[in-house]
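*Asks:* The structure follows.
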2 protein chains.
Amino acid sequence: MPVRGRPRGFDVDEALERALEVFWRQGYEGASMSDLTAAMGINKPSLYAAFGSKEELFRKAVARYAEQDMGYARHAIAQSTAYDVVATLLRENVLAVTRPDRPAGCLSIQGGTACSSENAPVAEFLAASRLAGERALADRFARAVVEGDLQADADPAALARFVMSVTEGQAIHAAAGVPREELRQTAEIALTGFAAVSGARRSATADNPA
Amino acid sequence: MPVRGRPRGFDVDEALERALEVFWRQGYEGASMSDLTAAMGINKPSLYAAFGSKEELFRKAVARYAEQDMGYARHAIAQSTAYDVVATLLRENVLAVTRPDRPAGCLSIQGGTACSSENAPVAEFLAASRLAGERALADRFARAVVEGDLQADADPAALARFVMSVTEGQAIHAAAGVPREELRQTAEIALTGFAAVSGARRSATADNPA
DNA sequence: CAGATTGTGTACCGAGCGGTACGGATATGA
DNA sequence: TCATATCCGTACCGCTCGGTACACAATCTG
């Protein structure tokens with residue numbers, strides 16, 4: 001069942017990718033439709049036909065970001081010990097927020113922590129998705145407590161909040177131009193601190209990559 | 001030598017205070033001149049006469065913020081041990097980003113981490129001022145190493161980066177609505193982790209406030 | 001081929017943006 | 001009292017914002 005009518009003259013995925021980078025660099029409110037269409041290589045009616053509105057475009061960009069740039073978080077949570085989870089999360093986060101082929105920092109924060117009242121839903125949406133990630137990490141830590149992998153009196157939610165706070169701070173540092181190597185030091189400090197506070201045992205797996 | 005001409009019909013400090021809160025809540029780009037003048041209770045020509053431009057107004061708001069809302073950082077750095085410095089900084093930061101009479105979070109981040117290219121100087125200015133604070137903390141830690149208060153192999157800049165990352169993450173959490181009590185837990189985790197990593201000795205002074 | 005359907009480019013919409021010109025109001029100093 | 005200096009309010013500036021109307025181009029079905 002082939003398409004009817006004139007075929008689209010651009011690649012939707014590629015256009016979304018370009019839009020994603022503009023939002024990442026300039027934030028939701030700082031990215032104008034002209035900035036977006038210029039980067040996407042299309043005109044406004046094409047953008048509206050394909051994506052609906054600026055806000056829908058942004059939400060689709062965030063979804064794409066979560067899938068292709070936040071994969072490391074799912075990878076981290078899948079590790080077999082709490083220590084490995086945090087080691088992977090913090091170290092891969094450093095790489096993710098300082099990729100030379102991408103804007104610095106993290107879309108979830110650069111997108112906008114504060115907005116005009118009319119765009120408040122955008123900031124709330126970003127905040128909610130960050131907290132959802134934090135909840136997933138807390139659930140993973142809760143499992144680690146059950147498995148005896150974290151000491152029994154550890155507070156999974158508080159530990160998750162601590163780790164996420166560090167990654168957010170790292171993203172802000174990266175956006176400010178702090179280089180990867182310096183963020184790596186911070187990640188190691190946070191990891192060591194996490195182990196000391198939570199009773200998580202270091203792991204040869206994570207600390208001596210093959 | 002009294003003033004000549006018609007006297008100003010509003011209090012400049014009070015107007016700046018109102019503008020500060022609007023910038024804090026909505027960010028630099030999200031705060032329109034109409035939002036600002038409405039909150040300040042004045043008309044645009046009065047604003048321009050008194051403050052110059054939107055960007056100058058913002059910079060004056062940030063200066064005021066640094067003086068009256070970031071005082072805790074100077075207070076923290078003045079503590080007599082590295083542990084007390086960090087304990088004070090993390091704990092007072094929690095209070096500062098969750099004050100019920102102020103917007104949630106921190107102006108330095110809410111103001112704007114990403115901007116349209118034309119407003120890029122604003123984001124750069126905020127990033128630079130955050131890093132200046134971090135450098136002051138690193139200098140304080142360097143002194144602590146000299147004084148034997150931190151172990152000799154401690155990296156002052158890296159430790160300062162870690163602590164600042166946590167406070168930035170806390171500010172983002174606060175802006176997302178995370179309550180004070182939860183941030184307090186995070187601060188204690190970060191503080192314990194800091195002590196474990198740096199060799200800083202706990203202090204009865206900071207941990208048992210009078 | 002005709003007709004239906006869909007995408008493209010131009011040119012435009014009302015609204016709001018940051019910023020200002022200007023005349024009237026209110027003070028001082030002579 | 002009157003010139004001078006400063007501030008206030010209205011009304012406006014050019015520009016850009018997010019979003020769309022419309023004519024035309026390109027493809028499918030029959």
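In the structure tokens, each chain is lettered A, B, ... as it comes, each chain's residues begin at 1, and ligands are numbered from 1 in order of appearance.
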How close does each residue of chain B get to chain D, giving the shortest atom pair and distance in Å to one decimal for every residue with an atom at most 10 Å away, counting only C-alpha atoms (C1' of nucleotides), sorted by chain and residue number, as a Markdown table?
*Replies:*
| residue | atom | partner | partner_atom | distance |
| --- | --- | --- | --- | --- |
| B:Val3 | CA | D:DT6 | C1' | 8.9 |
| B:Arg4 | CA | D:DA5 | C1' | 5.9 |
| B:Gly5 | CA | D:DT6 | C1' | 4.1 |
| B:Arg6 | CA | D:DT6 | C1' | 4.9 |
| B:Pro7 | CA | D:DC7 | C1' | 6.6 |
| B:Arg8 | CA | D:DC7 | C1' | 6.0 |
| B:Gly9 | CA | D:DC7 | C1' | 7.7 |
| B:Ile42 | CA | D:DC8 | C1' | 9.1 |
| B:Asn43 | CA | D:DG9 | C1' | 7.6 |
| B:Lys44 | CA | D:DG9 | C1' | 9.6 |
| B:Pro45 | CA | D:DC8 | C1' | 8.1 |
| B:Ser46 | CA | D:DC8 | C1' | 7.3 |
| B:Ala49 | CA | D:DC7 | C1' | 8.9 |
*Asks:* Quick one: which residues from chain C are at most 8 Å off chain B, using only C-alpha atoms (C1' of nucleotides), as a CSV table (one decimal) with N, CA, C and O atoms (P, O5', C5', C4', C3', O3' and C1' of nucleotides), in the first residue's frame?
*Replies:*
chain,number,residue,atom,x,y,z
C,17,DC,P,5.3,40.2,25.5
C,17,DC,O5',6.6,40.5,24.6
C,17,DC,C5',7.3,39.4,24.1
C,17,DC,C4',8.4,39.9,23.2
C,17,DC,C3',9.2,41.0,23.9
C,17,DC,O3',10.2,40.4,24.6
C,17,DC,C1',8.7,41.5,21.5
C,18,DG,P,10.8,41.3,25.9
C,18,DG,O5',11.8,42.3,25.3
C,18,DG,C5',12.9,41.9,24.6
C,18,DG,C4',13.6,43.1,23.9
C,18,DG,C3',14.1,44.1,24.8
C,18,DG,O3',15.3,44.7,24.3
C,18,DG,C1',12.5,45.1,23.3
C,20,DT,P,16.3,52.3,23.3
C,20,DT,O5',15.2,53.3,22.8
C,20,DT,C5',14.7,53.3,21.5
C,20,DT,C4',13.7,54.3,21.2
C,20,DT,C3',13.9,55.7,21.9
C,20,DT,O3',13.5,56.7,20.9
C,20,DT,C1',11.8,55.0,22.5
C,26,DT,P,1.4,66.6,39.2
C,26,DT,O5',2.9,66.8,39.8
C,26,DT,C5',3.7,65.6,40.0
C,26,DT,C4',5.1,66.1,40.3
C,26,DT,C3',5.2,67.1,41.4
C,26,DT,O3',6.2,66.7,42.4
C,26,DT,C1',6.5,67.7,39.6
C,27,DA,P,6.0,67.1,43.9
C,27,DA,O5',7.3,68.1,44.1
C,27,DA,C5',8.5,67.6,44.5
C,27,DA,C4',9.7,68.1,43.7
C,27,DA,C3',10.4,69.4,44.1
C,27,DA,O3',11.3,69.1,45.1
C,27,DA,C1',10.2,69.1,41.7
C,28,DT,P,11.8,70.3,46.0
C,28,DT,O5',13.0,70.9,45.1
C,28,DT,C5',14.1,70.1,44.8
C,28,DT,C4',15.0,70.9,43.9
C,28,DT,C3',15.6,72.1,44.5
C,28,DT,O3',17.0,72.1,44.4
C,28,DT,C1',14.5,72.7,42.4
*Asks:* Select residues of chain A: the criterion is any atom within 8 Å of an atom of chain B, counting only C-alpha atoms; output as JSON, numbers by chain.
*Replies:* {"A": [24, 25, 26, 27, 29, 30, 31, 32, 109, 110, 111, 112, 113, 114, 115, 116, 117, 124, 127, 128, 158, 159, 161, 162, 164, 165, 166, 167, 168, 169, 170, 172, 173, 175, 176, 182, 185, 186, 187, 189, 190, 192, 193, 194, 196, 197]}
*Asks:* If you count only C-alpha atoms (C1' of nucleotides), which residues fall within 10 Å of Asp207 of chain B, apart from same-chain ones fewer than 3 positions away, as a ChimeraX atom specification?
*Replies:* /B:83-84,87-88,202-204,210
*Asks:* Please identify the alpha helix (DSSP H) residues within segment 32-108 of chain B (assignment by DSSP from backbone atoms) and present them as a ChimeraX atom specification.
*Replies:* /B:33-40,44-51,54-68,71-77,82-97,107-108
*Asks:* Determine, counting only C-alpha atoms (C1' of nucleotides), which protein, DNA and RNA residues have an atom within 8 Å of an atom of segment 55-71 of chain A; residues of the same chain fewer than 5 positions away are not included. Present the result as a list in words.
*Replies:*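 Contacts, in chain order: Leu16, Glu17, Ala19, Leu20, Phe23, Tyr28, Ala96, Leu107, Ser108 and Val122 of chain A.
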*Asks:* Give me a file of those residues, with all heavy atoms, as an mmCIF file, in the first residue's frame.
*Replies:*
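Below is the file again_30.cif, written as the result:
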data_model
loop_
_atom_site.group_PDB
_atom_site.id
_atom_site.type_symbol
_atom_site.label_atom_id
_atom_site.label_comp_id
_atom_site.auth_asym_id
_atom_site.auth_seq_id
_atom_site.Cartn_x
_atom_site.Cartn_y
_atom_site.Cartn_z
ATOM 1 N N LEU A 16 14.163 15.801 12.437
ATOM 2 C CA LEU A 16 13.967 15.796 13.890
ATOM 3 C C LEU A 16 15.315 15.847 14.603
ATOM 4 O O LEU A 16 15.483 16.536 15.612
ATOM 5 C CB LEU A 16 13.179 14.556 14.302
ATOM 6 C CG LEU A 16 12.867 14.393 15.789
ATOM 7 C CD1 LEU A 16 12.116 15.605 16.323
ATOM 8 C CD2 LEU A 16 12.061 13.117 16.028
ATOM 9 N N GLU A 17 16.262 15.130 14.065
ATOM 10 C CA GLU A 17 17.611 15.131 14.642
ATOM 11 C C GLU A 17 18.196 16.544 14.663
ATOM 12 O O GLU A 17 18.789 16.982 15.651
ATOM 13 C CB GLU A 17 18.494 14.191 13.821
ATOM 14 C CG GLU A 17 19.921 14.108 14.278
ATOM 15 C CD GLU A 17 20.041 13.589 15.694
ATOM 16 O OE1 GLU A 17 19.241 12.718 16.084
ATOM 17 O OE2 GLU A 17 20.931 14.075 16.422
ATOM 18 N N ALA A 19 16.506 19.356 14.612
ATOM 19 C CA ALA A 19 15.731 20.150 15.563
ATOM 20 C C ALA A 19 16.191 19.859 16.991
ATOM 21 O O ALA A 19 16.344 20.776 17.808
ATOM 22 C CB ALA A 19 14.245 19.852 15.410
ATOM 23 N N LEU A 20 16.428 18.589 17.251
ATOM 24 C CA LEU A 20 16.906 18.174 18.573
ATOM 25 C C LEU A 20 18.165 18.942 18.967
ATOM 26 O O LEU A 20 18.291 19.437 20.092
ATOM 27 C CB LEU A 20 17.158 16.667 18.533
ATOM 28 C CG LEU A 20 18.047 15.984 19.575
ATOM 29 C CD1 LEU A 20 17.611 16.295 20.974
ATOM 30 C CD2 LEU A 20 18.034 14.483 19.347
ATOM 31 N N PHE A 23 17.291 22.632 19.838
ATOM 32 C CA PHE A 23 16.689 22.740 21.171
ATOM 33 C C PHE A 23 17.746 22.527 22.253
ATOM 34 O O PHE A 23 17.738 23.193 23.287
ATOM 35 C CB PHE A 23 15.579 21.698 21.332
ATOM 36 C CG PHE A 23 14.282 22.050 20.666
ATOM 37 C CD1 PHE A 23 13.652 21.159 19.810
ATOM 38 C CD2 PHE A 23 13.677 23.286 20.891
ATOM 39 C CE1 PHE A 23 12.449 21.479 19.201
ATOM 40 C CE2 PHE A 23 12.470 23.615 20.291
ATOM 41 C CZ PHE A 23 11.858 22.701 19.433
ATOM 42 N N TYR A 28 14.210 25.505 24.734
ATOM 43 C CA TYR A 28 12.927 25.533 24.037
ATOM 44 C C TYR A 28 12.554 26.947 23.614
ATOM 45 O O TYR A 28 12.266 27.211 22.454
ATOM 46 C CB TYR A 28 11.827 24.957 24.934
ATOM 47 C CG TYR A 28 10.459 25.005 24.303
ATOM 48 C CD1 TYR A 28 10.132 24.123 23.282
ATOM 49 C CD2 TYR A 28 9.516 25.942 24.699
ATOM 50 C CE1 TYR A 28 8.887 24.178 22.684
ATOM 51 C CE2 TYR A 28 8.265 25.995 24.110
ATOM 52 C CZ TYR A 28 7.957 25.121 23.105
ATOM 53 O OH TYR A 28 6.724 25.183 22.503
ATOM 54 N N ALA A 96 28.458 11.218 27.857
ATOM 55 C CA ALA A 96 27.268 11.701 27.144
ATOM 56 C C ALA A 96 27.174 13.218 27.131
ATOM 57 O O ALA A 96 26.745 13.809 26.139
ATOM 58 C CB ALA A 96 26.011 11.108 27.782
ATOM 59 N N LEU A 107 19.985 17.633 27.128
ATOM 60 C CA LEU A 107 18.782 18.303 26.617
ATOM 61 C C LEU A 107 17.758 18.530 27.713
ATOM 62 O O LEU A 107 17.063 19.542 27.727
ATOM 63 C CB LEU A 107 18.165 17.480 25.484
ATOM 64 C CG LEU A 107 16.818 17.976 24.956
ATOM 65 C CD1 LEU A 107 16.933 19.382 24.391
ATOM 66 C CD2 LEU A 107 16.257 17.036 23.910
ATOM 67 N N SER A 108 17.677 17.591 28.632
ATOM 68 C CA SER A 108 16.647 17.674 29.653
ATOM 69 C C SER A 108 16.808 18.919 30.522
ATOM 70 O O SER A 108 15.840 19.430 31.069
ATOM 71 C CB SER A 108 16.707 16.422 30.521
ATOM 72 O OG SER A 108 15.830 16.515 31.602
ATOM 73 N N VAL A 122 6.281 23.028 29.384
ATOM 74 C CA VAL A 122 7.513 22.457 28.846
ATOM 75 C C VAL A 122 8.504 22.168 29.972
ATOM 76 O O VAL A 122 9.066 21.067 30.066
ATOM 77 C CB VAL A 122 8.130 23.402 27.797
ATOM 78 C CG1 VAL A 122 9.537 22.952 27.430
ATOM 79 C CG2 VAL A 122 7.256 23.459 26.560
#
*Asks:* Between atom CA of Ala136 of chain A and atom CA of Leu90 of chain A, what is the distance in Å, rounded to a tenth?
*Replies:*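 Between atom CA of Ala136 of chain A and atom CA of Leu90 of chain A the gap works out to 15.3 Å.
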